[in-house]
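Asker: Handing you this structure, nothing more for now.
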Amino acid sequence: MTAAHDKAIAFTALHTPLTPLPLANAWDVASARIVEAAGASAVATTSAGVAWSLGAPDGDALARDRALDLIARVAAAVSVPVTADIEGGFAADAAGVGETVAGVLAAGAVGINIEDGTRAPAEQAERLAAARAAADAAGVPLYINARVDTYLFGLGESATRLDETLARASAYLAAGATGVFVPGVTDPAVIAELARGIDAPLNVLVGPGAPSVAELGALGVARVSLGSWVAEAAYAVARRAAEELLAGGTYGSLGDALPYGELNALLKG
């Protein structure tokens, strides 16, 4: 057994609706260290935050090598398991996804998010199968979180969206996914239906106005992600501070800043 194998097993065990895994997604080493220091049992990256921090838009625009370099930096900086959001796989085809996953494992992550977007479900299943094959070849039980974007992007007719989501989830699990991520849903009734209909850990995306982690756990959710919300909030502070300084010459928006010494200490050693 390798350290990566054991860490992947430990990460998978964190997914339970009894106590859902809460993930405050990070986008660089400093944010990852902050999340870990807050007591997180795992660190997840946000593809949007990572892309923005590296000067690219979200949505498969970031080059694979730059994403893998960031994953490696984060994984080396924390002691808890790391799961990486790899968008659509940073590849044009299933074989390329397998190459990406091999790189993710070499970088030290033991989980991935991979999204279907507007891709045909059959094609996405092939990409997931390639991801699983790459993980098997490396001897690591990688946690593959298959993102289903039916609700996030409003795909198909609303009357059949739940059935379509469940059908995709079933196909993705058969292809090798470990869990299913359905962003874009905060309605408790729909979440409960998803949890009942998906025979694997369910992950949902949360933010202001969403049910609490405890409430989601009671509905059957096993993983709760903030996604890009933390990065968006951080950049909102940057904008407020800049606008306040330039327009009024004051600095009140910086009153809740993390102390320099505390932040600097997290990056030492």
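Following the order of the structure tokens, chains are lettered A, B, ..., residues in each are numbered from 1, and ligands are numbered from 1.
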What are the nearest atom pairs, with distances in Å to one decimal, for all residues of segment 154-261 of chain A that come at most 10 Å from segment 105-114 of chain A, using only C-alpha atoms, set out by chain and rising residue number as CSV?
Answerer:
```
residue,atom,partner,partner_atom,distance
A:Ala177,CA,A:Ile114,CA,9.6
A:Thr178,CA,A:Gly111,CA,9.6
A:Gly179,CA,A:Asn113,CA,9.4
A:Val180,CA,A:Asn113,CA,9.1
A:Phe181,CA,A:Asn113,CA,8.1
```
Asker: Would you write out those residues with N, CA, C and O atoms, as a CSV table (one decimal), in the first residue's frame?
Answerer:
```
chain,number,residue,atom,x,y,z
A,177,ALA,N,-17.2,6.3,-11.8
A,177,ALA,CA,-17.3,7.4,-10.8
A,177,ALA,C,-17.5,6.8,-9.4
A,177,ALA,O,-18.1,5.8,-9.2
A,178,THR,N,-17.1,7.6,-8.4
A,178,THR,CA,-17.3,7.2,-7.0
A,178,THR,C,-18.5,7.9,-6.4
A,178,THR,O,-19.2,7.3,-5.6
A,179,GLY,N,-18.6,9.2,-6.8
A,179,GLY,CA,-19.7,10.0,-6.3
A,179,GLY,C,-20.3,10.9,-7.3
A,179,GLY,O,-19.7,10.9,-8.5
A,180,VAL,N,-21.4,11.6,-7.0
A,180,VAL,CA,-22.0,12.4,-8.0
A,180,VAL,C,-22.2,13.8,-7.4
A,180,VAL,O,-22.7,14.0,-6.3
A,181,PHE,N,-21.9,14.8,-8.2
A,181,PHE,CA,-22.0,16.2,-7.8
A,181,PHE,C,-23.1,16.9,-8.7
A,181,PHE,O,-23.0,16.9,-9.9
```
Asker: List the neighbours of Ile86 of chain A out to 9 Å using only C-alpha atoms; skip same-chain residues closer than 4 positions along the sequence, and give me the result as JSON, numbers by chain.
Answerer: {"A": [45, 46, 47, 60, 64, 67, 68, 90, 100, 101, 104, 112, 113, 114, 115]}
Asker: Atoms to include: N, CA, C and O atoms. Write the selected residues as a CSV table (one decimal), in the first residue's frame.
Answerer:
```
chain,number,residue,atom,x,y,z
A,45,THR,N,-9.9,22.0,-4.5
A,45,THR,CA,-9.7,23.2,-5.2
A,45,THR,C,-11.0,23.6,-6.0
A,45,THR,O,-11.9,22.8,-6.2
A,46,THR,N,-11.0,24.9,-6.3
A,46,THR,CA,-12.1,25.4,-7.2
A,46,THR,C,-11.5,25.7,-8.5
A,46,THR,O,-10.6,26.5,-8.6
A,47,SER,N,-12.1,25.1,-9.6
A,47,SER,CA,-11.5,25.4,-10.9
A,47,SER,C,-11.6,26.8,-11.3
A,47,SER,O,-10.6,27.4,-11.9
A,60,ASP,N,-12.5,25.3,-19.0
A,60,ASP,CA,-11.5,24.6,-19.9
A,60,ASP,C,-10.6,25.5,-20.7
A,60,ASP,O,-10.2,25.1,-21.8
A,64,ARG,N,-3.4,22.6,-19.2
A,64,ARG,CA,-3.3,21.4,-18.2
A,64,ARG,C,-2.0,21.5,-17.3
A,64,ARG,O,-2.1,21.3,-16.1
A,67,ALA,N,-2.5,23.9,-14.5
A,67,ALA,CA,-3.4,23.4,-13.5
A,67,ALA,C,-2.7,22.3,-12.6
A,67,ALA,O,-2.8,22.3,-11.4
A,68,LEU,N,-2.0,21.4,-13.3
A,68,LEU,CA,-1.3,20.4,-12.5
A,68,LEU,C,-0.2,20.9,-11.6
A,68,LEU,O,0.0,20.4,-10.5
A,90,PHE,N,-9.3,18.8,-18.9
A,90,PHE,CA,-8.2,19.4,-19.6
A,90,PHE,C,-7.7,18.5,-20.8
A,90,PHE,O,-6.5,18.3,-21.0
A,100,THR,N,-4.5,13.3,-18.0
A,100,THR,CA,-4.6,14.4,-17.0
A,100,THR,C,-4.7,13.7,-15.6
A,100,THR,O,-4.1,14.2,-14.7
A,101,VAL,N,-5.5,12.6,-15.5
A,101,VAL,CA,-5.6,12.0,-14.2
A,101,VAL,C,-4.3,11.4,-13.7
A,101,VAL,O,-4.0,11.5,-12.5
A,104,VAL,N,-2.6,14.3,-12.3
A,104,VAL,CA,-3.2,14.7,-11.0
A,104,VAL,C,-2.7,13.8,-9.9
A,104,VAL,O,-2.3,14.3,-8.8
A,112,ILE,N,-10.8,13.9,-7.7
A,112,ILE,CA,-11.1,14.8,-8.7
A,112,ILE,C,-12.6,15.1,-8.9
A,112,ILE,O,-13.4,14.3,-8.5
A,113,ASN,N,-12.8,16.3,-9.4
A,113,ASN,CA,-14.2,16.6,-9.9
A,113,ASN,C,-14.0,16.7,-11.4
A,113,ASN,O,-13.0,17.3,-11.9
A,114,ILE,N,-14.9,16.1,-12.2
A,114,ILE,CA,-14.9,16.2,-13.6
A,114,ILE,C,-16.3,16.4,-14.1
A,114,ILE,O,-17.2,15.7,-13.7
A,115,GLU,N,-16.5,17.5,-14.9
A,115,GLU,CA,-17.9,17.9,-15.2
A,115,GLU,C,-18.3,17.5,-16.6
A,115,GLU,O,-17.4,17.3,-17.5
```
Asker: May I have all residues of segment 83-216 of chain A that DSSP, computed from the backbone, assigns to helix (DSSP H, G or I), given as a PyMOL selection string?
Answerer: chain A and resi 94-107+121-138+158-175+188-197+213-216
Asker: Quick one: residues within 10 Å of segment 187-199 of chain A, only C-alpha atoms, excluding same-chain residues fewer than 5 positions away - as a compact mmCIF listing (two decimals) with all heavy atoms, in the first residue's frame?
Answerer:
```txt
# COMPACT_ATOMS: atom_id res chain seq x y z
N PRO A 17 -23.68 10.92 4.75
CA PRO A 17 -24.75 11.86 5.09
C PRO A 17 -24.96 12.03 6.60
O PRO A 17 -25.64 12.95 7.02
CB PRO A 17 -25.99 11.25 4.41
CG PRO A 17 -25.64 9.81 4.24
CD PRO A 17 -24.17 9.76 4.02
N LEU A 162 -35.03 15.92 -13.46
CA LEU A 162 -34.65 15.00 -12.38
C LEU A 162 -34.35 13.62 -12.95
O LEU A 162 -33.32 13.02 -12.61
CB LEU A 162 -35.76 14.92 -11.34
CG LEU A 162 -35.54 13.90 -10.21
CD1 LEU A 162 -34.30 14.26 -9.40
CD2 LEU A 162 -36.77 13.83 -9.30
N ASP A 163 -35.23 13.11 -13.82
CA ASP A 163 -35.00 11.79 -14.41
C ASP A 163 -33.72 11.78 -15.23
O ASP A 163 -32.96 10.80 -15.19
CB ASP A 163 -36.19 11.39 -15.28
CG ASP A 163 -37.44 11.06 -14.46
OD1 ASP A 163 -37.29 10.79 -13.25
OD2 ASP A 163 -38.55 11.08 -15.03
N THR A 165 -31.10 13.66 -14.78
CA THR A 165 -29.97 13.73 -13.85
C THR A 165 -29.69 12.36 -13.26
O THR A 165 -28.53 11.93 -13.17
CB THR A 165 -30.27 14.74 -12.74
OG1 THR A 165 -30.52 16.02 -13.33
CG2 THR A 165 -29.10 14.85 -11.77
N LEU A 166 -30.73 11.66 -12.85
CA LEU A 166 -30.56 10.33 -12.27
C LEU A 166 -30.02 9.34 -13.30
O LEU A 166 -29.19 8.48 -12.97
CB LEU A 166 -31.89 9.83 -11.70
CG LEU A 166 -32.43 10.62 -10.50
CD1 LEU A 166 -33.80 10.09 -10.09
CD2 LEU A 166 -31.47 10.56 -9.33
N ALA A 167 -30.44 9.48 -14.55
CA ALA A 167 -29.95 8.58 -15.60
C ALA A 167 -28.46 8.83 -15.85
O ALA A 167 -27.68 7.88 -16.00
CB ALA A 167 -30.74 8.80 -16.88
N ARG A 168 -28.08 10.10 -15.89
CA ARG A 168 -26.66 10.41 -16.08
C ARG A 168 -25.84 9.90 -14.89
O ARG A 168 -24.75 9.34 -15.08
CB ARG A 168 -26.47 11.92 -16.23
CG ARG A 168 -27.02 12.49 -17.51
CD ARG A 168 -26.61 13.93 -17.70
NE ARG A 168 -27.22 14.52 -18.88
CZ ARG A 168 -26.73 15.53 -19.56
NH1 ARG A 168 -25.59 16.10 -19.17
NH2 ARG A 168 -27.35 16.02 -20.63
N ALA A 169 -26.35 10.12 -13.70
CA ALA A 169 -25.62 9.67 -12.51
C ALA A 169 -25.40 8.16 -12.56
O ALA A 169 -24.30 7.67 -12.27
CB ALA A 169 -26.40 10.05 -11.25
N SER A 170 -26.41 7.42 -12.93
CA SER A 170 -26.29 5.96 -13.01
C SER A 170 -25.24 5.55 -14.04
O SER A 170 -24.42 4.67 -13.80
CB SER A 170 -27.65 5.35 -13.36
OG SER A 170 -27.57 3.96 -13.46
N LEU A 173 -21.70 6.41 -12.74
CA LEU A 173 -21.25 5.47 -11.71
C LEU A 173 -20.85 4.14 -12.33
O LEU A 173 -19.85 3.53 -11.94
CB LEU A 173 -22.35 5.27 -10.67
CG LEU A 173 -22.65 6.49 -9.78
CD1 LEU A 173 -23.92 6.26 -8.97
CD2 LEU A 173 -21.47 6.79 -8.86
N THR A 178 -17.09 7.60 -8.42
CA THR A 178 -17.27 7.22 -7.02
C THR A 178 -18.48 7.91 -6.42
O THR A 178 -19.23 7.34 -5.63
CB THR A 178 -16.03 7.60 -6.19
OG1 THR A 178 -14.85 7.23 -6.89
CG2 THR A 178 -16.06 6.95 -4.82
N GLY A 179 -18.65 9.17 -6.77
CA GLY A 179 -19.74 9.98 -6.26
C GLY A 179 -20.28 10.87 -7.35
O GLY A 179 -19.73 10.94 -8.45
N VAL A 180 -21.37 11.57 -7.04
CA VAL A 180 -22.03 12.42 -8.03
C VAL A 180 -22.24 13.81 -7.44
O VAL A 180 -22.70 13.96 -6.30
CB VAL A 180 -23.39 11.83 -8.45
CG1 VAL A 180 -24.13 12.77 -9.39
CG2 VAL A 180 -23.19 10.47 -9.11
N VAL A 182 -24.10 17.40 -8.07
CA VAL A 182 -25.18 18.06 -8.81
C VAL A 182 -25.27 19.50 -8.33
O VAL A 182 -26.01 19.82 -7.39
CB VAL A 182 -26.53 17.34 -8.62
CG1 VAL A 182 -27.60 17.99 -9.52
CG2 VAL A 182 -26.42 15.86 -8.94
N VAL A 204 -23.49 18.54 -3.22
CA VAL A 204 -24.21 19.70 -3.72
C VAL A 204 -23.38 20.96 -3.50
O VAL A 204 -22.48 20.99 -2.66
CB VAL A 204 -25.60 19.86 -3.07
CG1 VAL A 204 -26.50 18.68 -3.38
CG2 VAL A 204 -25.49 20.08 -1.57
N ALA A 210 -28.68 28.81 0.90
CA ALA A 210 -28.82 27.35 0.80
C ALA A 210 -29.04 26.76 2.19
O ALA A 210 -28.70 27.36 3.20
CB ALA A 210 -27.56 26.76 0.18
N PRO A 211 -29.62 25.55 2.26
CA PRO A 211 -29.78 24.89 3.56
C PRO A 211 -28.43 24.68 4.23
O PRO A 211 -27.39 24.62 3.57
CB PRO A 211 -30.43 23.55 3.18
CG PRO A 211 -31.09 23.80 1.87
CD PRO A 211 -30.20 24.77 1.16
N GLU A 215 -28.77 20.38 7.74
CA GLU A 215 -30.03 20.15 7.03
C GLU A 215 -29.81 19.31 5.77
O GLU A 215 -30.61 18.43 5.45
CB GLU A 215 -30.67 21.49 6.67
CG GLU A 215 -31.18 22.26 7.88
CD GLU A 215 -31.56 23.69 7.56
OE1 GLU A 215 -30.99 24.28 6.62
OE2 GLU A 215 -32.44 24.24 8.26
N LEU A 216 -28.73 19.57 5.07
CA LEU A 216 -28.43 18.80 3.87
C LEU A 216 -28.10 17.35 4.22
O LEU A 216 -28.49 16.43 3.50
CB LEU A 216 -27.27 19.46 3.12
CG LEU A 216 -27.61 20.81 2.46
CD1 LEU A 216 -26.35 21.51 2.00
CD2 LEU A 216 -28.58 20.62 1.30
N GLY A 217 -27.39 17.16 5.32
CA GLY A 217 -27.09 15.81 5.75
C GLY A 217 -28.37 15.03 6.04
O GLY A 217 -28.47 13.84 5.71
N ALA A 218 -29.34 15.69 6.65
CA ALA A 218 -30.61 15.04 6.95
C ALA A 218 -31.36 14.65 5.67
O ALA A 218 -32.17 13.73 5.68
CB ALA A 218 -31.47 15.96 7.81
N LEU A 219 -31.06 15.35 4.58
CA LEU A 219 -31.69 15.04 3.29
C LEU A 219 -30.97 13.93 2.55
O LEU A 219 -31.45 13.44 1.52
CB LEU A 219 -31.72 16.30 2.41
CG LEU A 219 -32.59 17.46 2.90
CD1 LEU A 219 -32.37 18.69 2.02
CD2 LEU A 219 -34.06 17.07 2.93
N GLY A 220 -29.78 13.53 3.05
CA GLY A 220 -29.03 12.46 2.43
C GLY A 220 -27.78 12.91 1.69
O GLY A 220 -27.12 12.10 1.03
N VAL A 221 -27.43 14.20 1.78
CA VAL A 221 -26.24 14.72 1.12
C VAL A 221 -24.99 14.29 1.89
O VAL A 221 -24.97 14.35 3.12
CB VAL A 221 -26.30 16.26 1.01
CG1 VAL A 221 -25.01 16.83 0.47
CG2 VAL A 221 -27.49 16.67 0.15
N ALA A 222 -23.94 13.88 1.17
CA ALA A 222 -22.72 13.40 1.82
C ALA A 222 -21.55 14.37 1.69
O ALA A 222 -20.53 14.20 2.36
CB ALA A 222 -22.31 12.05 1.24
```
Asker: Looking only at strand (DSSP E or B) from DSSP on the backbone, list the matching residues of segment 135-259 of chain A as a list in words.
Answerer: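 The strand (DSSP E or B) residues within segment 135-259 of chain A come out as Tyr143, Ile144, Asn145, Ala146, Arg147, Gly179, Val180, Phe181, Leu202, Asn203, Val204, Leu205, Arg223, Val224 and Ser225 of chain A.
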Asker: What does the distance from atom CA of Val185 of chain A to atom CA of Glu232 of chain A come to in Å, to one decimal?
Answerer: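 Here the two named atoms are 19.3 Å from each other.
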Asker: Give me the residues near Val224 of chain A as a list in words, where near means some atom within 7 Å (using only C-alpha atoms) and where sequence neighbours in that chain fewer than 4 positions away do not count.
Answerer: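 Surrounding residues, per the criterion: Pro20, Leu21, Pro22, Leu23, Asn203, Val204, Leu205, Val206 and Val213 of chain A.
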Asker: How would the residues just chosen look if you wrote them out with N, CA and C atoms as a compact mmCIF listing (two decimals), in the first residue's frame?
Answerer:
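Contents of again.txt, freshly written:
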```txt
# COMPACT_ATOMS: atom_id res chain seq x y z
N PRO A 20 -21.93 15.19 6.73
CA PRO A 20 -21.46 15.51 5.38
C PRO A 20 -20.08 16.19 5.41
N LEU A 21 -19.29 15.90 4.39
CA LEU A 21 -17.97 16.50 4.26
C LEU A 21 -18.13 17.94 3.78
N PRO A 22 -17.75 18.93 4.60
CA PRO A 22 -17.85 20.34 4.17
C PRO A 22 -16.54 20.79 3.53
N LEU A 23 -16.62 21.35 2.34
CA LEU A 23 -15.43 21.76 1.61
C LEU A 23 -15.49 23.25 1.27
N ASN A 203 -23.04 15.10 -3.73
CA ASN A 203 -22.40 16.38 -3.44
C ASN A 203 -23.27 17.49 -4.00
N VAL A 204 -23.49 18.54 -3.22
CA VAL A 204 -24.21 19.70 -3.72
C VAL A 204 -23.38 20.96 -3.50
N LEU A 205 -23.69 21.97 -4.27
CA LEU A 205 -23.03 23.27 -4.19
C LEU A 205 -23.88 24.20 -3.35
N VAL A 206 -23.24 24.89 -2.40
CA VAL A 206 -23.99 25.77 -1.51
C VAL A 206 -23.41 27.18 -1.55
N VAL A 213 -25.40 22.74 6.43
CA VAL A 213 -24.78 21.43 6.26
C VAL A 213 -25.58 20.36 6.99
```
Asker: Kindly indicate which residue among A:Leu266, A:Ala102, A:Ala51, A:Ala159 lies nearest to Ala138 of chain A, using only C-alpha atoms for the distances.
Answerer: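 Checking each of A:Leu266, A:Ala102, A:Ala51, A:Ala159 against Ala138 of chain A, counting only C-alpha atoms, the winner is A:Ala102.
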Asker: What lies within 10 Å of segment 252-258 of chain A using only C-alpha atoms, ignoring chain neighbours under 3 positions off, as JSON, numbers by chain?
Answerer: {"A": [237, 238, 239, 240, 241, 242, 243, 244, 245, 249, 261, 262, 263, 264]}
Asker: Nearest residue to Asp69 of chain A out of A:Glu99, A:Asp6, A:Asp28, A:Glu36, using only C-alpha atoms?
Answerer: A:Asp28
Asker: For Gly117 of chain A, find every residue with an atom within 10 Å (counting only C-alpha atoms), except residues of its own chain fewer than 6 positions away, and show them as number ranges by chain.
Answerer: A: 59, 87-88, 124, 147-150, 152-153, 155
Asker: Please indicate the distance in Å from atom CA of Arg127 of chain A to atom CA of Ala171 of chain A, rounded to one decimal place.
Answerer: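 Interatomic distance here is 11.8 Å.
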Asker: Hey, which of A:Gly98, A:Thr19, A:Tyr260, A:Ala61 ends up closest to Ala137 of chain A? Count only C-alpha atoms.
Answerer: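 Among A:Gly98, A:Thr19, A:Tyr260, A:Ala61, it is A:Gly98 that comes nearest to Ala137 of chain A.
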Asker: Just the residues within 9 Å of Ser53 of chain A, please, counting only C-alpha atoms, with nothing from its chain fewer than 4 positions along; format it as a list in words.
Answerer: Trp27, Asp28, Ala48 and Gly49 of chain A
